[in-house]
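So this block is query_13.pdb, PDB, C-alpha atoms:
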ATOM      1  CA  THR A   1     -75.505 -21.453 -24.527  1.00  0.00           C
ATOM      2  CA  ILE A   2     -73.027 -19.611 -26.739  1.00  0.00           C
ATOM      3  CA  SER A   3     -74.029 -16.301 -25.173  1.00  0.00           C
ATOM      4  CA  ALA A   4     -73.564 -17.684 -21.675  1.00  0.00           C
ATOM      5  CA  THR A   5     -70.148 -19.130 -22.603  1.00  0.00           C
ATOM      6  CA  LEU A   6     -69.033 -15.785 -24.071  1.00  0.00           C
ATOM      7  CA  GLY A   7     -70.132 -14.053 -20.891  1.00  0.00           C
ATOM      8  CA  GLU A   8     -68.090 -16.460 -18.813  1.00  0.00           C
ATOM      9  CA  LEU A   9     -65.057 -15.927 -21.070  1.00  0.00           C
ATOM     10  CA  LYS A  10     -65.419 -12.154 -20.734  1.00  0.00           C
ATOM     11  CA  ASP A  11     -65.571 -12.452 -16.955  1.00  0.00           C
ATOM     12  CA  LEU A  12     -62.531 -14.752 -17.030  1.00  0.00           C
ATOM     13  CA  MET A  13     -60.582 -12.342 -19.289  1.00  0.00           C
ATOM     14  CA  SER A  14     -61.500  -9.455 -17.028  1.00  0.00           C
ATOM     15  CA  ALA A  15     -60.259 -11.395 -13.995  1.00  0.00           C
ATOM     16  CA  LEU A  16     -57.073 -12.344 -15.842  1.00  0.00           C
ATOM     17  CA  ASN A  17     -56.461  -8.741 -16.886  1.00  0.00           C
ATOM     18  CA  HIS A  18     -56.893  -7.669 -13.286  1.00  0.00           C
ATOM     19  CA  CYS A  19     -54.424 -10.351 -12.125  1.00  0.00           C
ATOM     20  CA  VAL A  20     -51.888  -9.346 -14.805  1.00  0.00           C
ATOM     21  CA  ALA A  21     -52.199  -5.653 -13.912  1.00  0.00           C
ATOM     22  CA  SER A  22     -51.791  -6.482 -10.221  1.00  0.00           C
ATOM     23  CA  ALA A  23     -48.732  -8.644 -10.969  1.00  0.00           C
ATOM     24  CA  GLU A  24     -47.176  -5.924 -13.150  1.00  0.00           C
ATOM     25  CA  GLN A  25     -47.687  -3.403 -10.358  1.00  0.00           C
ATOM     26  CA  GLN A  26     -46.082  -5.744  -7.828  1.00  0.00           C
ATOM     27  CA  VAL A  27     -43.111  -6.347 -10.164  1.00  0.00           C
ATOM     28  CA  SER A  28     -42.754  -2.600 -10.669  1.00  0.00           C
ATOM     29  CA  ASN A  29     -42.809  -2.051  -6.903  1.00  0.00           C
ATOM     30  CA  VAL A  30     -40.151  -4.753  -6.406  1.00  0.00           C
ATOM     31  CA  GLU A  31     -37.964  -3.241  -9.119  1.00  0.00           C
ATOM     32  CA  ASP A  32     -38.264   0.215  -7.544  1.00  0.00           C
ATOM     33  CA  ALA A  33     -37.427  -1.203  -4.131  1.00  0.00           C
ATOM     34  CA  GLN A  34     -34.484  -3.149  -5.573  1.00  0.00           C
ATOM     35  CA  GLN A  35     -33.164  -0.041  -7.290  1.00  0.00           C
ATOM     36  CA  GLY A  36     -33.393   1.862  -4.025  1.00  0.00           C
ATOM     37  CA  LEU A  37     -31.570  -0.947  -2.207  1.00  0.00           C
ATOM     38  CA  SER A  38     -28.875  -1.056  -4.894  1.00  0.00           C
ATOM     39  CA  CYS A  39     -28.241   2.662  -4.481  1.00  0.00           C
ATOM     40  CA  GLU A  40     -28.126   2.226  -0.706  1.00  0.00           C
ATOM     41  CA  VAL A  41     -25.694  -0.716  -0.980  1.00  0.00           C
ATOM     42  CA  THR A  42     -23.461   1.286  -3.329  1.00  0.00           C
ATOM     43  CA  GLU A  43     -23.410   4.182  -0.884  1.00  0.00           C
ATOM     44  CA  LEU A  44     -22.685   1.862   2.050  1.00  0.00           C
ATOM     45  CA  ARG A  45     -19.815   0.251   0.136  1.00  0.00           C
ATOM     46  CA  LYS A  46     -18.371   3.672  -0.569  1.00  0.00           C
ATOM     47  CA  GLN A  47     -18.623   4.601   3.110  1.00  0.00           C
ATOM     48  CA  ILE A  48     -16.940   1.310   4.124  1.00  0.00           C
ATOM     49  CA  LEU A  49     -14.065   1.921   1.681  1.00  0.00           C
ATOM     50  CA  ASP A  50     -13.662   5.479   2.979  1.00  0.00           C
ATOM     51  CA  LEU A  51     -13.644   4.267   6.592  1.00  0.00           C
ATOM     52  CA  ARG A  52     -11.199   1.472   5.787  1.00  0.00           C
ATOM     53  CA  SER A  53      -8.917   3.951   4.058  1.00  0.00           C
ATOM     54  CA  LYS A  54      -9.009   6.237   7.100  1.00  0.00           C
ATOM     55  CA  VAL A  55      -8.315   3.357   9.502  1.00  0.00           C
ATOM     56  CA  ASP A  56      -5.388   2.149   7.353  1.00  0.00           C
ATOM     57  CA  ASP A  57      -4.025   5.679   7.208  1.00  0.00           C
ATOM     58  CA  GLN A  58      -4.248   6.008  10.989  1.00  0.00           C
ATOM     59  CA  GLU A  59      -2.472   2.668  11.488  1.00  0.00           C
ATOM     60  CA  ASN A  60       0.284   3.603   9.050  1.00  0.00           C
ATOM     61  CA  ARG A  61       0.738   6.983  10.720  1.00  0.00           C
ATOM     62  CA  ALA A  62       0.877   5.267  14.119  1.00  0.00           C
ATOM     63  CA  GLN A  63       3.799   3.222  12.720  1.00  0.00           C
ATOM     64  CA  ARG A  64       5.459   6.295  11.219  1.00  0.00           C
ATOM     65  CA  ASN A  65       8.538   6.036  13.468  1.00  0.00           C
ATOM     66  CA  ASN A  66       8.966   2.304  12.845  1.00  0.00           C
ATOM     67  CA  ILE A  67      11.304   0.301  10.649  1.00  0.00           C
ATOM     68  CA  CYS A  68      11.520  -3.414   9.933  1.00  0.00           C
ATOM     69  CA  LEU A  69      14.910  -5.158   9.987  1.00  0.00           C
ATOM     70  CA  VAL A  70      15.138  -8.526   8.248  1.00  0.00           C
ATOM     71  CA  GLY A  71      18.046 -10.951   8.392  1.00  0.00           C
ATOM     72  CA  PHE A  72      19.484 -10.864  11.902  1.00  0.00           C
ATOM     73  CA  PRO A  73      19.801 -14.469  13.155  1.00  0.00           C
ATOM     74  CA  GLU A  74      17.566 -15.586  15.977  1.00  0.00           C
ATOM     75  CA  GLY A  75      18.945 -14.957  19.453  1.00  0.00           C
ATOM     76  CA  VAL A  76      21.755 -12.538  18.558  1.00  0.00           C
ATOM     77  CA  GLU A  77      20.114  -9.866  20.697  1.00  0.00           C
ATOM     78  CA  ARG A  78      20.346 -12.115  23.802  1.00  0.00           C
ATOM     79  CA  GLY A  79      17.111 -10.775  25.219  1.00  0.00           C
ATOM     80  CA  ARG A  80      18.194  -7.102  24.915  1.00  0.00           C
ATOM     81  CA  PRO A  81      17.103  -6.016  21.420  1.00  0.00           C
ATOM     82  CA  ILE A  82      17.302  -2.255  22.050  1.00  0.00           C
ATOM     83  CA  ARG A  83      20.893  -2.375  23.281  1.00  0.00           C
ATOM     84  CA  PHE A  84      21.903  -4.763  20.488  1.00  0.00           C
ATOM     85  CA  LEU A  85      20.477  -2.516  17.758  1.00  0.00           C
ATOM     86  CA  GLN A  86      21.880   0.694  19.268  1.00  0.00           C
ATOM     87  CA  GLU A  87      25.326  -0.880  19.212  1.00  0.00           C
ATOM     88  CA  THR A  88      25.022  -2.606  15.820  1.00  0.00           C
ATOM     89  CA  LEU A  89      23.141  -0.219  13.524  1.00  0.00           C
ATOM     90  CA  PRO A  90      25.532   2.790  13.550  1.00  0.00           C
ATOM     91  CA  GLU A  91      28.446   0.642  12.354  1.00  0.00           C
ATOM     92  CA  LEU A  92      26.297  -1.395   9.961  1.00  0.00           C
ATOM     93  CA  LEU A  93      24.831   1.730   8.317  1.00  0.00           C
ATOM     94  CA  LYS A  94      28.113   3.682   8.499  1.00  0.00           C
ATOM     95  CA  LEU A  95      26.451   6.496  10.415  1.00  0.00           C
ATOM     96  CA  PRO A  96      28.554   9.471  11.586  1.00  0.00           C
ATOM     97  CA  SER A  97      30.571   8.868  14.725  1.00  0.00           C
ATOM     98  CA  GLY A  98      28.628   9.681  17.865  1.00  0.00           C
ATOM     99  CA  THR A  99      25.194   9.184  16.261  1.00  0.00           C
ATOM    100  CA  ALA A 100      22.722   8.296  19.000  1.00  0.00           C
ATOM    101  CA  LEU A 101      19.812   6.101  17.982  1.00  0.00           C
ATOM    102  CA  GLU A 102      17.075   6.743  20.517  1.00  0.00           C
ATOM    103  CA  VAL A 103      15.025   3.547  20.312  1.00  0.00           C
ATOM    104  CA  GLU A 104      11.691   3.664  22.092  1.00  0.00           C
ATOM    105  CA  ARG A 105      11.114  -0.065  21.773  1.00  0.00           C
ATOM    106  CA  ALA A 106      12.240  -3.023  19.690  1.00  0.00           C
ATOM    107  CA  HIS A 107      11.094  -6.640  19.441  1.00  0.00           C
ATOM    108  CA  ARG A 108      10.935  -9.556  17.085  1.00  0.00           C
ATOM    109  CA  SER A 109       7.745  -9.884  15.060  1.00  0.00           C
ATOM    110  CA  LEU A 110       4.962 -11.820  16.757  1.00  0.00           C
ATOM    111  CA  ALA A 111       5.177 -14.775  14.356  1.00  0.00           C
ATOM    112  CA  PRO A 112       6.042 -18.195  15.812  1.00  0.00           C
ATOM    113  CA  LYS A 113       9.755 -18.805  16.277  1.00  0.00           C
ATOM    114  CA  PRO A 114      11.076 -20.312  13.037  1.00  0.00           C
ATOM    115  CA  ALA A 115      12.639 -23.742  12.869  1.00  0.00           C
ATOM    116  CA  GLU A 116      16.354 -24.128  12.242  1.00  0.00           C
ATOM    117  CA  GLY A 117      17.208 -23.205   8.660  1.00  0.00           C
ATOM    118  CA  GLN A 118      14.135 -21.019   8.176  1.00  0.00           C
ATOM    119  CA  ARG A 119      14.237 -17.241   7.781  1.00  0.00           C
ATOM    120  CA  PRO A 120      14.522 -15.534  11.193  1.00  0.00           C
ATOM    121  CA  CYS A 121      11.737 -13.289  12.443  1.00  0.00           C
ATOM    122  CA  PRO A 122      12.332  -9.618  11.626  1.00  0.00           C
ATOM    123  CA  PHE A 123      12.912  -6.898  14.193  1.00  0.00           C
ATOM    124  CA  ILE A 124      10.253  -4.194  14.530  1.00  0.00           C
ATOM    125  CA  VAL A 125      11.967  -1.044  15.792  1.00  0.00           C
ATOM    126  CA  ARG A 126      10.291   2.169  16.929  1.00  0.00           C
ATOM    127  CA  PHE A 127      12.489   5.239  17.198  1.00  0.00           C
ATOM    128  CA  LEU A 128      11.694   8.030  19.581  1.00  0.00           C
ATOM    129  CA  HIS A 129      11.956  10.667  16.823  1.00  0.00           C
ATOM    130  CA  TYR A 130      10.859  10.500  13.186  1.00  0.00           C
ATOM    131  CA  PRO A 131      14.043  12.178  11.777  1.00  0.00           C
ATOM    132  CA  VAL A 132      16.121   9.332  13.225  1.00  0.00           C
ATOM    133  CA  ARG A 133      13.965   6.805  11.409  1.00  0.00           C
ATOM    134  CA  GLU A 134      14.456   8.747   8.167  1.00  0.00           C
ATOM    135  CA  GLN A 135      18.210   8.916   8.781  1.00  0.00           C
ATOM    136  CA  VAL A 136      18.358   5.143   9.145  1.00  0.00           C
ATOM    137  CA  LEU A 137      16.303   4.498   5.998  1.00  0.00           C
ATOM    138  CA  THR A 138      18.335   7.001   3.973  1.00  0.00           C
ATOM    139  CA  ALA A 139      21.610   5.443   5.111  1.00  0.00           C
ATOM    140  CA  ALA A 140      20.339   1.962   4.217  1.00  0.00           C
ATOM    141  CA  ARG A 141      19.271   3.112   0.733  1.00  0.00           C
ATOM    142  CA  SER A 142      22.655   4.740   0.095  1.00  0.00           C
ATOM    143  CA  LEU A 143      24.482   1.410   0.604  1.00  0.00           C
ATOM    144  CA  ASP A 144      24.354  -1.297  -2.054  1.00  0.00           C
ATOM    145  CA  THR A 145      24.116  -4.178   0.402  1.00  0.00           C
ATOM    146  CA  LEU A 146      24.103  -4.570   4.169  1.00  0.00           C
ATOM    147  CA  GLU A 147      25.877  -7.557   5.685  1.00  0.00           C
ATOM    148  CA  TRP A 148      26.363  -8.480   9.341  1.00  0.00           C
ATOM    149  CA  ASN A 149      28.462 -11.517  10.296  1.00  0.00           C
ATOM    150  CA  GLY A 150      27.672 -13.186   6.974  1.00  0.00           C
ATOM    151  CA  SER A 151      23.939 -12.422   7.094  1.00  0.00           C
ATOM    152  CA  ARG A 152      22.350 -10.072   4.575  1.00  0.00           C
ATOM    153  CA  ILE A 153      20.303  -7.392   6.320  1.00  0.00           C
ATOM    154  CA  LEU A 154      17.322  -5.645   4.726  1.00  0.00           C
ATOM    155  CA  VAL A 155      15.728  -2.443   6.032  1.00  0.00           C
ATOM    156  CA  PHE A 156      12.116  -1.471   5.249  1.00  0.00           C
ATOM    157  CA  PRO A 157       9.567   1.032   6.535  1.00  0.00           C
ATOM    158  CA  ASP A 158       7.084  -0.716   8.834  1.00  0.00           C
ATOM    159  CA  LEU A 159       3.838  -0.259   6.913  1.00  0.00           C
ATOM    160  CA  LEU A 160       0.657  -2.285   6.427  1.00  0.00           C
ATOM    161  CA  ARG A 161       0.946  -5.063   3.841  1.00  0.00           C
ATOM    162  CA  ASP A 162      -1.546  -3.455   1.448  1.00  0.00           C
ATOM    163  CA  LEU A 163       0.384  -0.183   1.378  1.00  0.00           C
ATOM    164  CA  MET A 164       3.718  -1.992   1.049  1.00  0.00           C
ATOM    165  CA  GLU A 165       2.392  -3.884  -1.976  1.00  0.00           C
ATOM    166  CA  ARG A 166       1.243  -0.617  -3.547  1.00  0.00           C
ATOM    167  CA  ARG A 167       4.712   0.847  -3.025  1.00  0.00           C
ATOM    168  CA  TRP A 168       6.505  -2.288  -4.270  1.00  0.00           C
ATOM    169  CA  ARG A 169       4.680  -1.969  -7.586  1.00  0.00           C
ATOM    170  CA  PHE A 170       6.854   1.083  -8.298  1.00  0.00           C
ATOM    171  CA  MET A 171      10.152  -0.791  -7.864  1.00  0.00           C
ATOM    172  CA  THR A 172      10.636  -1.641 -11.565  1.00  0.00           C
ATOM    173  CA  ILE A 173       9.821   1.852 -12.822  1.00  0.00           C
ATOM    174  CA  LYS A 174      12.042   3.410 -10.127  1.00  0.00           C
ATOM    175  CA  LYS A 175      14.953   1.332 -11.440  1.00  0.00           C
ATOM    176  CA  ALA A 176      14.234   2.571 -14.982  1.00  0.00           C
ATOM    177  CA  LEU A 177      14.145   6.184 -13.764  1.00  0.00           C
ATOM    178  CA  ARG A 178      17.498   5.752 -11.995  1.00  0.00           C
ATOM    179  CA  GLU A 179      19.017   4.376 -15.191  1.00  0.00           C
ATOM    180  CA  LYS A 180      17.724   7.408 -17.101  1.00  0.00           C
ATOM    181  CA  GLY A 181      19.099   9.750 -14.441  1.00  0.00           C
ATOM    182  CA  LEU A 182      15.691  11.309 -13.775  1.00  0.00           C
ATOM    183  CA  LYS A 183      15.052  12.827 -10.355  1.00  0.00           C
ATOM    184  CA  HIS A 184      12.210  11.073  -8.547  1.00  0.00           C
ATOM    185  CA  GLY A 185      10.950  10.015  -5.139  1.00  0.00           C
ATOM    186  CA  LEU A 186       8.261   7.778  -3.653  1.00  0.00           C
ATOM    187  CA  PHE A 187       6.182   9.656  -1.119  1.00  0.00           C
ATOM    188  CA  TYR A 188       3.546   8.642   1.438  1.00  0.00           C
ATOM    189  CA  LEU A 189       1.164   6.970   0.834  1.00  0.00           C
ATOM    190  CA  ALA A 190       2.240   5.585  -2.543  1.00  0.00           C
ATOM    191  CA  THR A 191       2.795   8.560  -4.834  1.00  0.00           C
ATOM    192  CA  LEU A 192       5.771   8.784  -7.163  1.00  0.00           C
ATOM    193  CA  LYS A 193       6.913  12.328  -7.918  1.00  0.00           C
ATOM    194  CA  LEU A 194       9.011  12.766 -11.050  1.00  0.00           C
ATOM    195  CA  THR A 195      10.948  15.919 -11.913  1.00  0.00           C
ATOM    196  CA  CYS A 196      12.002  16.350 -15.517  1.00  0.00           C
ATOM    197  CA  ASP A 197      11.976  19.162 -18.077  1.00  0.00           C
ATOM    198  CA  SER A 198      11.829  21.655 -15.167  1.00  0.00           C
ATOM    199  CA  GLU A 199       8.448  20.310 -14.034  1.00  0.00           C
ATOM    200  CA  THR A 200       7.372  17.974 -11.223  1.00  0.00           C
ATOM    201  CA  ARG A 201       4.566  15.496 -11.843  1.00  0.00           C
ATOM    202  CA  SER A 202       2.817  13.094  -9.464  1.00  0.00           C
ATOM    203  CA  PHE A 203       1.726   9.549 -10.352  1.00  0.00           C
ATOM    204  CA  MET A 204      -0.443   7.125  -8.393  1.00  0.00           C
ATOM    205  CA  GLU A 205       0.207   4.090 -10.636  1.00  0.00           C
ATOM    206  CA  PRO A 206       3.444   2.809 -12.240  1.00  0.00           C
ATOM    207  CA  GLN A 207       1.668   2.325 -15.569  1.00  0.00           C
ATOM    208  CA  ALA A 208       0.962   6.071 -15.699  1.00  0.00           C
ATOM    209  CA  VAL A 209       4.706   6.746 -15.306  1.00  0.00           C
ATOM    210  CA  GLU A 210       5.524   4.339 -18.150  1.00  0.00           C
ATOM    211  CA  GLU A 211       2.955   5.993 -20.426  1.00  0.00           C
ATOM    212  CA  PHE A 212       4.346   9.438 -19.613  1.00  0.00           C
ATOM    213  CA  LEU A 213       7.916   8.346 -20.371  1.00  0.00           C
ATOM    214  CA  GLN A 214       6.797   6.791 -23.660  1.00  0.00           C
ATOM    215  CA  ARG A 215       4.995   9.986 -24.728  1.00  0.00           C
ATOM    216  CA  ARG A 216       8.032  12.034 -23.695  1.00  0.00           C
ATOM    217  CA  GLU A 217      10.352   9.822 -25.753  1.00  0.00           C
ATOM    218  CA  GLU A 218       8.044   9.998 -28.781  1.00  0.00           C
ATOM    219  CA  SER A 219       7.938  13.802 -28.532  1.00  0.00           C
ATOM    220  CA  ARG A 220      11.724  13.982 -28.392  1.00  0.00           C
ATOM    221  CA  VAL A 221      12.006  11.773 -31.479  1.00  0.00           C
ATOM    222  CA  LEU A 222       9.567  13.990 -33.381  1.00  0.00           C
ATOM    223  CA  LEU A 223      11.477  17.125 -32.432  1.00  0.00           C
ATOM    224  CA  LYS A 224      14.730  15.586 -33.629  1.00  0.00           C
ATOM    225  CA  GLY A 225      13.060  14.571 -36.885  1.00  0.00           C
TER     226      GLY A 225
END
Would you encode the structure as structure tokens?
Amino acid sequence: TISATLGELKDLMSALNHCVASAEQQVSNVEDAQQGLSCEVTELRKQILDLRSKVDDQENRAQRNNICLVGFPEGVERGRPIRFLQETLPELLKLPSGTALEVERAHRSLAPKPAEGQRPCPFIVRFLHYPVREQVLTAARSLDTLEWNGSRILVFPDLLRDLMERRWRFMTIKKALREKGLKHGLFYLATLKLTCDSETRSFMEPQAVEEFLQRREESRVLLKG
């Protein structure tokens, strides 16, 4: 009886070992397949980000001749936005006499018409030539404030929201650079170029600019010491 029971136990252990080995092999196969899928998903994500970046770049370049004007009250254009802006902008921006602003098209943003007391919809303006757009933006930056019939007017490049947010992140550090009298500029897409100590450096993040300025200040203190 004992011998028969031991034989049964051996057969049972052998069957169990076979089941365990089979299960381990299946788990190993699943893990290998999962690893392969993870690599594929990572690659697909990278491709999607690359494609999204290219699409965003194309959209921003398609809007390269555009500006956004915020602050003009609703209805002041009286249904003729191009004529209104061609007559208003040269005086508002103090452009040289005789400056012709060749506007290809202009319209209010496609948002619903605001209720009374709410901020008016901005104008989206597309100039026929890129240098004219740059002239307008440069003139707007050179003036402290723009005011038209008691309304404050703001002028921005017409870019996608994501890119605008990336550029806005540099606003604080740009103010600090102006106070220090350091030559700098924010270039497309969102790259700040800083010229100091006879060298020009490029930065993709405002934090990198702050760290560079801190290291530069520490070096100057050490040299003085």
Please determine an axis-aligned box that encloses all atoms of segment 46-58 of chain A listed in the file, with 6 Å added on each side, and express its centre and edge lengths in Å to one decimal as JSON.
{"center_x": -11.3, "center_y": 3.8, "center_z": 5.2, "size_x": 26.6, "size_y": 16.9, "size_z": 23.6}
Selection result of the PyMOL selection byres ((chain A and resi 65) around 6) on this file, as number ranges by chain: A: 63-64, 66, 126-127, 130, 133
Close residues, segment 173-186 of chain A itself excluded, 8 Å, only C-alpha atoms, min 3 positions apart in chain, as a ChimeraX atom specification: /A:167,170,190-196,206,209-210
Using the chain letters and numbers from the file, which residues does the PyMOL selection byres ((chain A and resi 102) around 10) grab, as a ChimeraX atom specification? /A:82,86,99-101,103-105,126-129,132-133
Using the selection just defined, write its residues with C-alpha atoms as a compact mmCIF listing (two decimals), in the frame of the given file.
# COMPACT_ATOMS: atom_id res chain seq x y z
CA ILE A 82 17.30 -2.26 22.05
CA GLN A 86 21.88 0.69 19.27
CA THR A 99 25.19 9.18 16.26
CA ALA A 100 22.72 8.30 19.00
CA LEU A 101 19.81 6.10 17.98
CA VAL A 103 15.02 3.55 20.31
CA GLU A 104 11.69 3.66 22.09
CA ARG A 105 11.11 -0.06 21.77
CA ARG A 126 10.29 2.17 16.93
CA PHE A 127 12.49 5.24 17.20
CA LEU A 128 11.69 8.03 19.58
CA HIS A 129 11.96 10.67 16.82
CA VAL A 132 16.12 9.33 13.22
CA ARG A 133 13.96 6.80 11.41
From A:Arg108, A:Arg220, A:Lys54, A:Arg141, residue lying nearest Leu93 of chain A [all atoms listed in the file]: A:Arg141
Nearest to Gln207 of chain A among A:Val76, A:Ser219, A:Gln35, A:Thr172, with distances taken over all atoms listed in the file: which residue is it?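 Comparing A:Val76, A:Ser219, A:Gln35, A:Thr172 against Gln207 of chain A, the winner is A:Thr172.
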Result set, the PyMOL selection byres ((chain A and resi 148-158) around 8) on current file, as a PyMOL selection string: chain A and resi 63-64+66-73+92+124+137+140+145-147+159-160
Restricting the calculation to all atoms listed in the file: of A:Ala15, A:Leu89, A:Val41, A:Val125, which residue gets closest to Ala106 of chain A?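 Distance minimum relative to Ala106 of chain A lands on A:Val125.
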